[in-house]
Every structure is written in structure tokens, then in C-alpha cells.
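One structure below.
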Amino acid sequence: MDPMKIIYLDNNATTRVAPEVYQAMIPYLTEDYFNPSSMYEPAQQTTRAIAAARKSLADGMGGVDPKEILFTSCATESNNTAIMGTARGNPNRRHIITTSVEHPAVLGVCKEMERNGYRVTFLAVDGGGNVDPGEFIRALSPDTLLVTIMHANNETGVMFPIEQLSRLTKETDASIVFHTDATQAVGKLPVDLMRELRYVDLLSFSGHKLHAPKGIGALFMRRGTRCRPYMIGGHQEDGRRAGTENVPYIIGLARALQLALESREQDEARIARLRDRLESALGDAIPCVQVNGKGAPRLPNTLNISFHYIEGEGMLYQLSEFGICASSGSACTSGSLEPSHVLRAMKVPFTAVHGSVRFSLSRYNTEDEIDRVIGVFPQIVANLRKLSPYWDNERNAPRPDAPIVSP
Ligand SMILES: Cc1ncc(COP(=O)(O)O)c(C=O)c1O
């Protein structure tokens with residue numbers, strides 16, 4: 001497929017590297033290749049470049065101490081470090097609280113903790129995809145060591161009230177560690193760890209969701225947090241994350257956050273307008289549609305929309321014939337035919353859970369691209385419904401014996 005013709009609407013899975021990010025990385029992929037641990041001057045120059053990148057990220061997150069930012073390889077590593085490291089740092093407690101809609105990079109680790117004898121509470125979510133703060137408080141116990149709740153959901157874009165939940169945690173017991181997986185939030189939402197998020201101890205994110213390359217992530221670790229290192233070996237990152245620093249990618253991550261912050265407000269408004277136009281045009285043109293997470297605060301770039309009585313995979317396949325890239329769940333789980341654990345937790349009816357598509361936009365999307373999707377999508381749905389045993393093509397409505405769906 002001609003890459004120039006692709007309409008890329010899968011930015012919650014990954015993003016293209018911004019040209020400015022690539023430019024910033026080039027010197028460190030070519031002539032400035034030195035190991036920052038070496039003593040000679042050219043290597044010390046790369047050490048200073050890392051320090052500047054760390055400072056720039058710390059400033060971009062509300063002016064935290066640069067020492068509180070650790071570079072990792074990805075958000076999965078940051079989440080593993082946060083959860084397993086906190087458990088190792090707090091051996092007297094055995095209870096963890098999370099939600100049932102986390103990314104597998106948190107859910108999988110929590111399930112592993114359960115297998116290792118920890119008690120894990122997987123909080124349910126309501127139909128809008130959010131947790132009930134009352135139920136959250138009731139789940140806290142004197143044995144709770146860690147709360148890990150995502151900032152924004154990768155499938156639906158639903159945003160969690162992290163400010164409130166982290167404050168409630170610390171008011172109940174200041175020694176409970178609060179972690180948030182902010183992989184879908186950083187670069188899209190303001191993330192201020194000195195103000196709204198001042199009760200958050202640990203925060204994970206990843207470069208490839210904000211136009212930096214894959215293979216670089218970070219973990220904010222507030223000073224004084226009891227969290228043991230996960231990667232053990234060398235002295236890098238003050239002994240908190242061993243392994244030679246990925247210098248070019250660290251430089252790229254810092255440049256990517258700078259770019260995102262420079263234009264965040266304009267981008268957010270423009271992207272939300274495009275997303276809303278797509279959402280209302282598809283809702284107007286196609287019967288039996290539901291927007292998952294509608295009504296809850298959502299990321300401006302994400303639309304998770306279900307078309308009753310058809311399969312998401314069929315829609316994705318046909319969209320891809322037109323060069324349109326979208327997804328039917330998180331990229332990590334879309335290899336399986338299992339319906340999304342997030343939509344199931346939100347009790348999306350089974351007639352819709354299989355027919356869901358996630359469109360996730362970025363600052364590189366244009367109005368023309370959205371118009372092209374609006375132009376082809378109703379026919380794709382109509383074609384697939386022709387094959388559906390539950391659809392009456394004469395009336396363009398469900399057959400009388402089709403399972404009932406709430407509108
Ligand atoms: C919310 C969330 N957490 C974690 C991850 C994993 O990120 P990485 O690919 O950097 O390990 C993703 C990726 O989709 C995500 O969306």
C-alpha cells in the first residue's frame with residue numbers, strides 16, 4: 001500500500017515519529033555515539049545531553065526534580081517496575097488495588113502478583129467506563145500497599161479522576177503508594193505532578209504514543225517512594241534502572257514532549273473537532289450505533305464506536321482496502337478473537353462488543369482524511385449487515401428476532 005495514501009487513525013497503538021524528533025536524534029545515532037558512563041570529554045557531552053533531556057521532561061511535567069524521572073525501555077517496563085518494585089519495597093503489605101479495564105501491561109502484572117500470593121482488587125467500572133470513588137474507598141485496607149489506576153483508557157479514551165483518587169488514597173493512608181499508567185495521557189493532556197497530580201508517587205509513559213520512537217519510556221518516581229529497582233546491574237539512573245542509556249531515544253522523547261506541549265491546546269481543540277465530526281457523521285448515517293464511553297470525560301483524540309450485529313474484524317479489513325488504519329481493541333490483544341475486556345467490563349451488549357472500532361487521531365490527521373472515512377464507512381457497514389443473520393436489509397433495521405439492544 002502506498003504509505004502516502006494511508007489514513008492513519010490508530011494513534012493509540014503507536015504514532016509516527018515527528019520529523020523534528022528524528023532530526024534531534026540524528027547526531028546521537030551518528031557522530032555522538034559514546035557511552036555516557038565513559039570518562040572522556042565526548043562521552044561527557046552525551047551525559048550532559050541526557051541531563052538536559054531529563055530536565056526538559058521534568059519541566060514539562062510541572063517542574064518536578066529531574067532526579068525523579070527514570071528512563072526505561074517502554075511503558076510496559078515502567079509499569080512492571082512500579083508494581084513489582086513497590087511490592088518489593090513494602091514487604092509487610094500484601095494488597096493491591098487496580099481496575100478491570102487496565103492495559104495488559106498492568107493487568108498481567110497484577111495477575112502475576114495474585115499468583116505470587118498477593119490479594120488484588122480489580123475494581124469494576126460503570127457503563128461509562130469509570131470507577132465509583134465510594135467503592136474505591138471501601139477497597140482500601142490497612143494491608144494495601146499499592147493503588148495502580150490508569151490515567152486514560154487506551155481503548156475508549158475514558159479518563160479516570162486520578163487527582164481525586166490519589167488524594168483519597170493519601171487522606172486514608174499516606175503510606176500507600178499511588179501509581180498511574182499515563183501512557184495515553186502524556187502529550188495529550190496536561191500532566192502536572194506538582195499541582196493536580198501531586199499525590200501521585202509513580203507515573204508511567206512511553207515515547208511511541210507521542211511521536212517519539214518505540215523502545216523508550218519513562219517512570220516518574222517521586223522522591224521518598226519505596227520502590228525497589230526492577231532492572232539490576234549497572235549504576236545507571238542512580239542505580240534505580242540498570243542498563244546503558246539509550247541516548248538517541250532519550251533525546252527524541254524529550255523533544256517529542258516539548259513539541260506536544262508547544263501546540264497542545266490548539267492540537268487538542270482541532271483533534272477533538274475532527275473526532276466529534278466523525279462521531280456525529282457516522283451516528284447520523286448508520287442505524288444501531290453506540291459510542292462507548294460517551295458521556296464520560298474522554299481523550300480528545302479517541303472514538304470507540306460499536307455497530308450492532310457485525311464483526312469489528314470485517315470492518316477493519318474493509319477499511320484497510322481503502323488505506324484506512326484503525327483498530328478493534330488494543331493492538332496487543334487484537335491478535336485474538338476474544339472480545340475486548342474493557343468493553344465487557346463496561347457491560348456493552350454482546351451485539352455491539354464484537355462490532356467495535358477504535359479510531360484514534362493525531363495532530364497529523366486532516367479534515368480531508370476524516371471526510372474520506374465518513375464517505376466510505378456507511379457502505380462498509382451496510383455490506384457487512386447484508387451478511388448478518390440479525391439484519392433486515394429491506395427495512396434497514398434489526399430483524400424482529402434479533403437480540404434486543406439498548407439504543
Ligand atoms: C495504557 C497503556 N499502557 C501501556 C502500554 C504499553 O506501552 P509500551 O508499548 O510502551 O510498552 C500501552 C500501549 O498500548 C497503553 O496504551
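Chain labels run A, B, ... following the order of the C-alpha cells; each chain numbers its residues from 1, and ligands are numbered from 1 in the order shown.
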
| said: Distance limit 9 Å, reference ligand 1, atoms considered: only C-alpha atoms and all ligand atoms. Which residues make the cut? Give them as JSON, numbers by chain. | reply: {"A": [12, 13, 14, 73, 74, 75, 76, 77, 78, 79, 102, 103, 104, 105, 106, 150, 151, 152, 153, 154, 155, 181, 182, 183, 184, 185, 204, 205, 206, 207, 208, 209, 214, 215, 216, 217, 330, 331, 332]}

Could you write those residues out with C-alpha atoms, as a PDB file, in the first residue's frame?
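So selection29.pdb came out as:
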```pdb
ATOM      1  CA  ASN A  12      -3.353   4.976  20.477  1.00  0.00           C
ATOM      2  CA  ALA A  13      -1.486   1.914  19.165  1.00  0.00           C
ATOM      3  CA  THR A  14       1.539   3.890  18.025  1.00  0.00           C
ATOM      4  CA  SER A  73      12.568   0.951  27.506  1.00  0.00           C
ATOM      5  CA  CYS A  74       8.767   1.320  27.326  1.00  0.00           C
ATOM      6  CA  ALA A  75       5.626   1.802  29.411  1.00  0.00           C
ATOM      7  CA  THR A  76       5.402  -1.945  29.992  1.00  0.00           C
ATOM      8  CA  GLU A  77       8.773  -1.847  31.752  1.00  0.00           C
ATOM      9  CA  SER A  78       7.747   1.261  33.723  1.00  0.00           C
ATOM     10  CA  ASN A  79       4.553  -0.493  34.875  1.00  0.00           C
ATOM     11  CA  GLU A 102      -6.241  -1.573  32.668  1.00  0.00           C
ATOM     12  CA  HIS A 103      -3.912  -2.246  29.760  1.00  0.00           C
ATOM     13  CA  PRO A 104      -2.427  -5.785  29.820  1.00  0.00           C
ATOM     14  CA  ALA A 105       0.876  -4.155  30.897  1.00  0.00           C
ATOM     15  CA  VAL A 106      -0.778  -3.577  34.296  1.00  0.00           C
ATOM     16  CA  MET A 150      -4.665   4.261  34.531  1.00  0.00           C
ATOM     17  CA  HIS A 151      -4.918   7.950  33.648  1.00  0.00           C
ATOM     18  CA  ALA A 152      -6.826   7.385  30.398  1.00  0.00           C
ATOM     19  CA  ASN A 153      -8.023   4.174  28.824  1.00  0.00           C
ATOM     20  CA  ASN A 154      -6.335   3.173  25.580  1.00  0.00           C
ATOM     21  CA  GLU A 155      -9.465   1.590  24.053  1.00  0.00           C
ATOM     22  CA  ASP A 181      -0.237   4.374  33.868  1.00  0.00           C
ATOM     23  CA  ALA A 182      -0.370   7.671  31.966  1.00  0.00           C
ATOM     24  CA  THR A 183       0.754   6.210  28.639  1.00  0.00           C
ATOM     25  CA  GLN A 184      -2.291   7.565  26.800  1.00  0.00           C
ATOM     26  CA  ALA A 185      -2.341  10.876  28.678  1.00  0.00           C
ATOM     27  CA  SER A 204       4.492   5.595  33.590  1.00  0.00           C
ATOM     28  CA  PHE A 205       4.585   6.658  29.977  1.00  0.00           C
ATOM     29  CA  SER A 206       6.043   5.739  26.620  1.00  0.00           C
ATOM     30  CA  GLY A 207       7.633   7.618  23.720  1.00  0.00           C
ATOM     31  CA  HIS A 208       5.881   5.922  20.832  1.00  0.00           C
ATOM     32  CA  LYS A 209       2.445   7.259  21.810  1.00  0.00           C
ATOM     33  CA  LYS A 214       9.282   2.760  20.025  1.00  0.00           C
ATOM     34  CA  GLY A 215      11.742   1.499  22.637  1.00  0.00           C
ATOM     35  CA  ILE A 216      11.873   4.415  25.049  1.00  0.00           C
ATOM     36  CA  GLY A 217       9.710   5.050  28.099  1.00  0.00           C
ATOM     37  CA  SER A 330      -5.797  -2.590  21.983  1.00  0.00           C
ATOM     38  CA  ALA A 331      -3.116  -3.585  19.463  1.00  0.00           C
ATOM     39  CA  CYS A 332      -1.707  -6.064  21.945  1.00  0.00           C
TER      40      CYS A 332
END
```

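Residues of range 97-153 of chain A assigned to alpha helix (DSSP H) by DSSP on this structure's backbone: Pro104, Ala105, Val106, Leu107, Gly108, Val109, Cys110, Lys111, Glu112, Met113, Glu114, Arg115, Pro133, Gly134, Glu135, Phe136, Ile137, Arg138 and Ala139 of chain A.
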
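Distance check against Glu31 in chain A using only C-alpha atoms: of A:Pro248, A:Pro300, A:His235, A:Ile370, the minimum falls on A:Pro248.
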
| request: Could you give me, as a ChimeraX atom specification, each residue of range 125-300 of chain A that DSSP assigns to strand (DSSP E) when run on this structure's backbone? | output: /A:144-148,177-181,202-206,217-221,289-291

| remark: Nearest to Ile380 in chain A, restricted to only C-alpha atoms and choosing among A:Leu316, A:Ala345, A:Ala402, A:Ile69, comes out as A:Leu316

| task | Extract, using only C-alpha atoms, all DNA, RNA and protein residues at most 12 Å from Met84 in chain A, discarding same-chain residues fewer than 6 positions from it, and format them as an NGL selection string. | result | :A and (76-78 or 90-91 or 94 or 96 or 106 or 108-114 or 116 or 118 or 145-146 or 148 or 179 or 226-231)

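Among A:Thr302, A:Ser280, A:Asn393, A:Ser37, the residue with the shortest atom-to-atom distance to Met159 in chain A, counting only C-alpha atoms, is A:Thr302.
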
| Using only C-alpha atoms, which residue out of A:Pro190, A:Gly60, A:Gly252, A:Gly375 lies closest to Ile324 in chain A? | A:Gly375
